[in-house]
Each structure stands twice: as C-alpha cells, then as structure tokens.
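K.L.:
Before I ask anything, let me first share the structure, which is written out below as structure tokens.
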Amino acid sequence: MFRLDGKVALVTGAGSVGPGWGNGKATAVVLARAGARLFGIDVNEAAAAETRDIILGEGGDAVAHRCDMLAAEEVEAAVAACLDRFGRIDVLVNNVGGSHPGGPADMPEEVWDRQIDTNLKTAFLGCKYVLPVMERQGSGVVVNISSVAGLRMSTARVHSAYSASKAGIIAFSKSVALGYAKKGIRCNTVVPGLMHTPLVEHRLVRQLGANDAEALIAKRHASVPIGHMGTGWDIAHAVLFLASEEAKYVTATEIVVDGGLTSAGPV
C-alpha cells in the first residue's frame, strides 16, 4: 500500500531549520522510502543536502537543489533541472512557509507582503512551472501544506497575514484541483495543527515562550485534545496517502492533521 515506485517527487522546503525532522524533510524521506525518486528543494543548500544524504544512505535516489521559491526564474530553473535528471514530475509538494504574529494596525507592510509571498506565492510558483509538465504527462499530484491557522483564529494571538495566506492555500488548492481535474491531475491540502518540529525551538520559542522552551512545549502539548503535538512524520504520511494511487478519487479537499485541535473550540 501507498507505494510510489517509478514516480518522481519534487518537494520544496525539503531541508530542516535545525536538528530533527521538519515537515519537508520527513516528507521527502517518507516519499523516497515509498519508492519515489526525490528532487529536494530548499533555500538552504546544506539542509537540502542533508535530506538527500539520508535518502541516498537508505538506498534511495535523490537530488538536492538550492532554490529560492520566491524567485520565479530560480523555480523555473529548478523544475528544468528536475526534468533533466528524472524526465518527469509526478508529485509536487509545496511546503515552504513561515509565520509572523500581528494585526493590520501593528504589522509593517513589508512583513505582510513577505508572509503572503512566503506562504502563498511559493505554492503559486511551484504550480506555475510544474503543472504544465504534469499536463503534458496526463497525470500528476499536487499537495500543498496549509495550517489550522487558516481554519480557525486564536483569541490569544493575532496572525492576520499568516491566517490569510494559509486560508488562501486551501482555496488555491481547490481552484487548481477543479481546473485540472479532467487532465489527470489531483490537488489537495494537508493542514497541520500544532507540530513539534525544529521550528518550535528555532523560532517559536523566541516568539512565544520568552526563551522558555520547556514551558512552551508543555503548553502546546496540553492544548491538543489527543494530548501531544504531532511531528513531521504525521504530515509526511498524510502527504504520502494523497500522493498514492489509494487516493486516486481524492481531490479538491483537505486532510487536517491536528490531534482534534480544530474541533476543540477557541483557544
């Protein structure tokens, strides 16, 4: 079940910001373990190379490619490089993203623009250059990564740009799915909840926890109905399902991976 033998997967944000397993790194490794040949993109070349080396060390086939997903010419070149190496692209995972708190009155305009671009434009550019490839093939799967911040708002902290962009990812995915449904291409969204990935220690501790990582992690665990945060592996296996033939009748929808968080009421 859930095999991708003979498929080529392009994963953006395939590195990790620190030790451990982020969503993109785990996804790249899980897809490779399922048989996919992996083309991993990250703005941090060393991070992408680390993921590649893990896959190669497990007997898989992988390429690491540095690319700024905000630069159209770099995205176009990365897609061309993937085609040069593997000849096709069967799975695209748009995983680049980031958050910054603030509302319209206090958020600088450049922060708003950066959030919209980082979370939404990167998925647009990935699709812009990969969808024509999939259309020529007559098949393909796109999986975009959103966030529960696009489904529900926090009463404790305002994330206007992040919530808007992550809600936009869901709408964008549906639009792509319906536009390409008769062309053999599916598009869905994975919606992570509170995840314990390297981003927690790398960025969120500074933003939320006053540098008290233990207290922040405990608070995040306690806020999830299932009793703990998820991990990058939980996101990776949801992506694998959507990329697989077992999901061949699934398009224009979302899989929420949040331990029950979005059904638990306001926070």
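Following the order of the structure tokens, chains are lettered A, B, ..., residues in each are numbered from 1, and ligands are numbered from 1.
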Could I get the residues of segment 205-255 of chain A with an atom no further than 6 Å from an atom of segment 173-191 of chain A, each paired with its nearest atom pair and that distance in Å to one decimal, using only C-alpha atoms, sorted by chain and residue number, as a Markdown table?
P.N.:
| residue | atom | partner | partner_atom | distance |
| --- | --- | --- | --- | --- |
| A:Thr251 | CA | A:Arg186 | CA | 5.2 |
| A:Ala252 | CA | A:Lys174 | CA | 4.4 |
| A:Thr253 | CA | A:Asn188 | CA | 5.3 |
| A:Glu254 | CA | A:Thr189 | CA | 4.6 |
| A:Ile255 | CA | A:Val190 | CA | 4.9 |
K.L.:
Which residues come within 9 Å of Gly259 of chain A, counting only C-alpha atoms, excluding same-chain residues fewer than 3 positions away, as a ChimeraX atom specification?
P.N.:
/A:193-194,224-230,256,262
K.L.:
Could you check which of A:Ile116, A:Leu125, A:Asp5, A:Ile217 is closest to Ala167 of chain A, using only C-alpha atoms?
P.N.:
A:Ile116
K.L.:
Could you go through segment 82-185 of chain A and tell me which residues DSSP, when run on the backbone, assigns to helix (DSSP H, G or I), listing them as a PyMOL selection string?
P.N.:
chain A and resi 82-86+109-137+148-150+160-183
K.L.:
Based on the selection just made, write C-alpha atoms of those residues as a compact mmCIF listing (two decimals), in the first residue's frame.
P.N.:
# COMPACT_ATOMS: atom_id res chain seq x y z
CA CYS A 82 14.45 18.00 -12.18
CA LEU A 83 13.31 17.15 -15.69
CA ASP A 84 16.90 16.92 -16.90
CA ARG A 85 17.68 14.42 -14.14
CA PHE A 86 14.50 12.36 -13.93
CA GLU A 109 3.58 46.40 5.31
CA GLU A 110 6.76 44.60 4.33
CA VAL A 111 6.03 41.85 6.90
CA TRP A 112 2.55 41.41 5.44
CA ASP A 113 3.96 41.18 1.92
CA ARG A 114 6.63 38.71 2.99
CA GLN A 115 4.09 36.46 4.70
CA ILE A 116 1.75 36.41 1.71
CA ASP A 117 4.65 35.70 -0.63
CA THR A 118 6.31 33.06 1.56
CA ASN A 119 3.13 31.11 2.24
CA LEU A 120 1.12 31.64 -0.93
CA LYS A 121 3.30 32.85 -3.80
CA THR A 122 5.70 29.94 -3.34
CA ALA A 123 2.86 27.48 -3.94
CA PHE A 124 1.72 29.52 -6.94
CA LEU A 125 5.20 29.45 -8.49
CA GLY A 126 5.63 25.76 -7.81
CA CYS A 127 2.36 25.05 -9.58
CA LYS A 128 3.07 27.57 -12.35
CA TYR A 129 6.09 25.62 -13.57
CA VAL A 130 5.14 22.06 -12.62
CA LEU A 131 1.52 21.92 -13.75
CA PRO A 132 2.42 22.24 -17.47
CA VAL A 133 4.76 19.27 -17.03
CA MET A 134 2.01 17.21 -15.42
CA GLU A 135 -0.46 18.28 -18.09
CA ARG A 136 1.87 17.03 -20.81
CA GLN A 137 2.21 13.74 -18.93
CA VAL A 148 -5.02 25.19 11.10
CA ALA A 149 -4.42 28.94 11.36
CA GLY A 150 -6.24 29.11 8.04
CA SER A 160 -3.55 38.23 10.22
CA ALA A 161 -1.12 37.63 7.36
CA TYR A 162 -0.35 34.02 8.27
CA SER A 163 -4.02 33.10 8.65
CA ALA A 164 -4.96 34.87 5.43
CA SER A 165 -2.20 33.20 3.44
CA LYS A 166 -2.85 29.73 4.86
CA ALA A 167 -6.58 30.06 4.20
CA GLY A 168 -5.57 31.17 0.72
CA ILE A 169 -3.61 27.94 0.24
CA ILE A 170 -6.78 25.92 0.82
CA ALA A 171 -8.75 27.99 -1.69
CA PHE A 172 -5.85 27.92 -4.16
CA SER A 173 -5.67 24.13 -3.94
CA LYS A 174 -9.39 23.74 -4.64
CA SER A 175 -9.13 26.06 -7.62
CA VAL A 176 -6.19 24.14 -9.06
CA ALA A 177 -7.92 20.82 -8.42
CA LEU A 178 -11.07 21.81 -10.27
CA GLY A 179 -9.16 23.43 -13.11
CA TYR A 180 -7.11 20.29 -13.73
CA ALA A 181 -9.50 17.51 -12.69
CA LYS A 182 -10.14 16.40 -16.27
CA LYS A 183 -6.44 16.50 -17.10
K.L.:
Can you list, as a PyMOL selection string, all residues belonging to segment 106-254 of chain A that DSSP tags as strand (DSSP E)?
P.N.:
chain A and resi 140-145+185-192+254
K.L.:
Hey, can you check how far atom CA of Val63 of chain A sits from atom CA of Ile41 of chain A?
P.N.:
8.5 Å
K.L.:
Pick out the residues sitting within 9 Å of Thr51 of chain A, and hand them over as a VMD selection string; count only C-alpha atoms, and ignore anything fewer than 4 positions along from it in its own chain.
P.N.:
chain A and resid 14 to 16 25 to 26 28 to 29 40 46 to 47 55 to 56 62 64
K.L.:
Can you write out the residues you just picked, keeping N, CA and C atoms, as a PDB file, in the first residue's frame?
P.N.:
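Below you can see result.pdb, which holds the result:
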ATOM      1  N   ALA A  14      12.581  21.100   1.547  1.00  0.00           N
ATOM      2  CA  ALA A  14      12.913  19.713   1.873  1.00  0.00           C
ATOM      3  C   ALA A  14      13.992  19.592   2.936  1.00  0.00           C
ATOM      4  N   GLY A  15      14.558  20.696   3.345  1.00  0.00           N
ATOM      5  CA  GLY A  15      15.523  20.669   4.424  1.00  0.00           C
ATOM      6  C   GLY A  15      14.851  20.884   5.763  1.00  0.00           C
ATOM      7  N   SER A  16      15.648  21.193   6.780  1.00  0.00           N
ATOM      8  CA  SER A  16      15.113  21.465   8.107  1.00  0.00           C
ATOM      9  C   SER A  16      15.910  22.604   8.711  1.00  0.00           C
ATOM     10  N   LYS A  25      11.427  17.777   5.412  1.00  0.00           N
ATOM     11  CA  LYS A  25      12.464  16.749   5.497  1.00  0.00           C
ATOM     12  C   LYS A  25      11.842  15.368   5.677  1.00  0.00           C
ATOM     13  N   ALA A  26      10.896  15.265   6.617  1.00  0.00           N
ATOM     14  CA  ALA A  26      10.228  13.983   6.842  1.00  0.00           C
ATOM     15  C   ALA A  26       9.452  13.543   5.612  1.00  0.00           C
ATOM     16  N   ALA A  28      10.036  14.294   2.435  1.00  0.00           N
ATOM     17  CA  ALA A  28      10.968  13.843   1.395  1.00  0.00           C
ATOM     18  C   ALA A  28      11.436  12.422   1.660  1.00  0.00           C
ATOM     19  N   VAL A  29      11.786  12.125   2.902  1.00  0.00           N
ATOM     20  CA  VAL A  29      12.288  10.793   3.244  1.00  0.00           C
ATOM     21  C   VAL A  29      11.182   9.744   3.128  1.00  0.00           C
ATOM     22  N   GLY A  40      14.758  17.357  -4.034  1.00  0.00           N
ATOM     23  CA  GLY A  40      14.502  18.186  -2.870  1.00  0.00           C
ATOM     24  C   GLY A  40      15.024  19.595  -3.050  1.00  0.00           C
ATOM     25  N   ALA A  46      22.726  23.382   2.314  1.00  0.00           N
ATOM     26  CA  ALA A  46      23.225  22.359   3.234  1.00  0.00           C
ATOM     27  C   ALA A  46      22.086  21.545   3.822  1.00  0.00           C
ATOM     28  N   ALA A  47      20.971  22.196   4.115  1.00  0.00           N
ATOM     29  CA  ALA A  47      19.818  21.480   4.667  1.00  0.00           C
ATOM     30  C   ALA A  47      19.239  20.507   3.646  1.00  0.00           C
ATOM     31  N   ILE A  55      18.487   9.977   2.277  1.00  0.00           N
ATOM     32  CA  ILE A  55      17.811   9.132   1.286  1.00  0.00           C
ATOM     33  C   ILE A  55      18.810   8.241   0.562  1.00  0.00           C
ATOM     34  N   LEU A  56      19.928   8.817   0.140  1.00  0.00           N
ATOM     35  CA  LEU A  56      20.957   8.016  -0.536  1.00  0.00           C
ATOM     36  C   LEU A  56      21.497   6.929   0.390  1.00  0.00           C
ATOM     37  N   ALA A  62      18.038  10.508  -4.877  1.00  0.00           N
ATOM     38  CA  ALA A  62      17.635  11.864  -4.504  1.00  0.00           C
ATOM     39  C   ALA A  62      18.632  12.884  -5.002  1.00  0.00           C
ATOM     40  N   ALA A  64      19.596  17.127  -4.298  1.00  0.00           N
ATOM     41  CA  ALA A  64      19.393  18.354  -3.531  1.00  0.00           C
ATOM     42  C   ALA A  64      19.644  19.545  -4.439  1.00  0.00           C
TER      43      ALA A  64
END
K.L.:
Could you please determine the separation between atom CA of Pro108 of chain A and atom CA of Gly22 of chain A in Å, to one decimal place?
P.N.:
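Separating atom CA of Pro108 of chain A from atom CA of Gly22 of chain A is a distance of 28.0 Å.
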K.L.:
Identify which of the residues A:Gly59, A:Pro192, A:Gly18, A:Pro198 lies closest to Asn144 of chain A, counting only C-alpha atoms when measuring atom-to-atom distances.
P.N.:
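Of A:Gly59, A:Pro192, A:Gly18, A:Pro198, the one nearest Asn144 of chain A, counting only C-alpha atoms, is A:Pro192.
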K.L.:
Check the smallest atom-to-atom distance from each of A:Thr27, A:Ala264, A:Asp53, A:Pro101 to Asp234 of chain A using only C-alpha atoms, then report the winner.
P.N.:
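Between A:Thr27, A:Ala264, A:Asp53, A:Pro101, the residue approaching Asp234 of chain A most closely is A:Thr27.
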K.L.:
Hey, can you check how far atom CA of Thr12 of chain A sits from atom CA of Val257 of chain A?
P.N.:
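Separating atom CA of Thr12 of chain A from atom CA of Val257 of chain A is a distance of 19.4 Å.
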K.L.:
Return the single residue from A:Ala48, A:Ala218, A:Ala77, A:Leu242 that is closest to Val141 of chain A, with distances computed using only C-alpha atoms.
P.N.:
A:Leu242
K.L.:
Between A:Leu31, A:Leu261, A:Leu38, A:Met69, single out the one closest to Ser147 of chain A, counting only C-alpha atoms.
P.N.:
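Among the listed residues, A:Leu261 lies closest to Ser147 of chain A.
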K.L.:
Choose the residue, out of A:Val11, A:Asn23, A:Ala215, A:Leu240, that has the smallest atom-to-atom separation from Met195 of chain A; count only C-alpha atoms.
P.N.:
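Using only C-alpha atoms, Met195 of chain A sits closest to A:Asn23.
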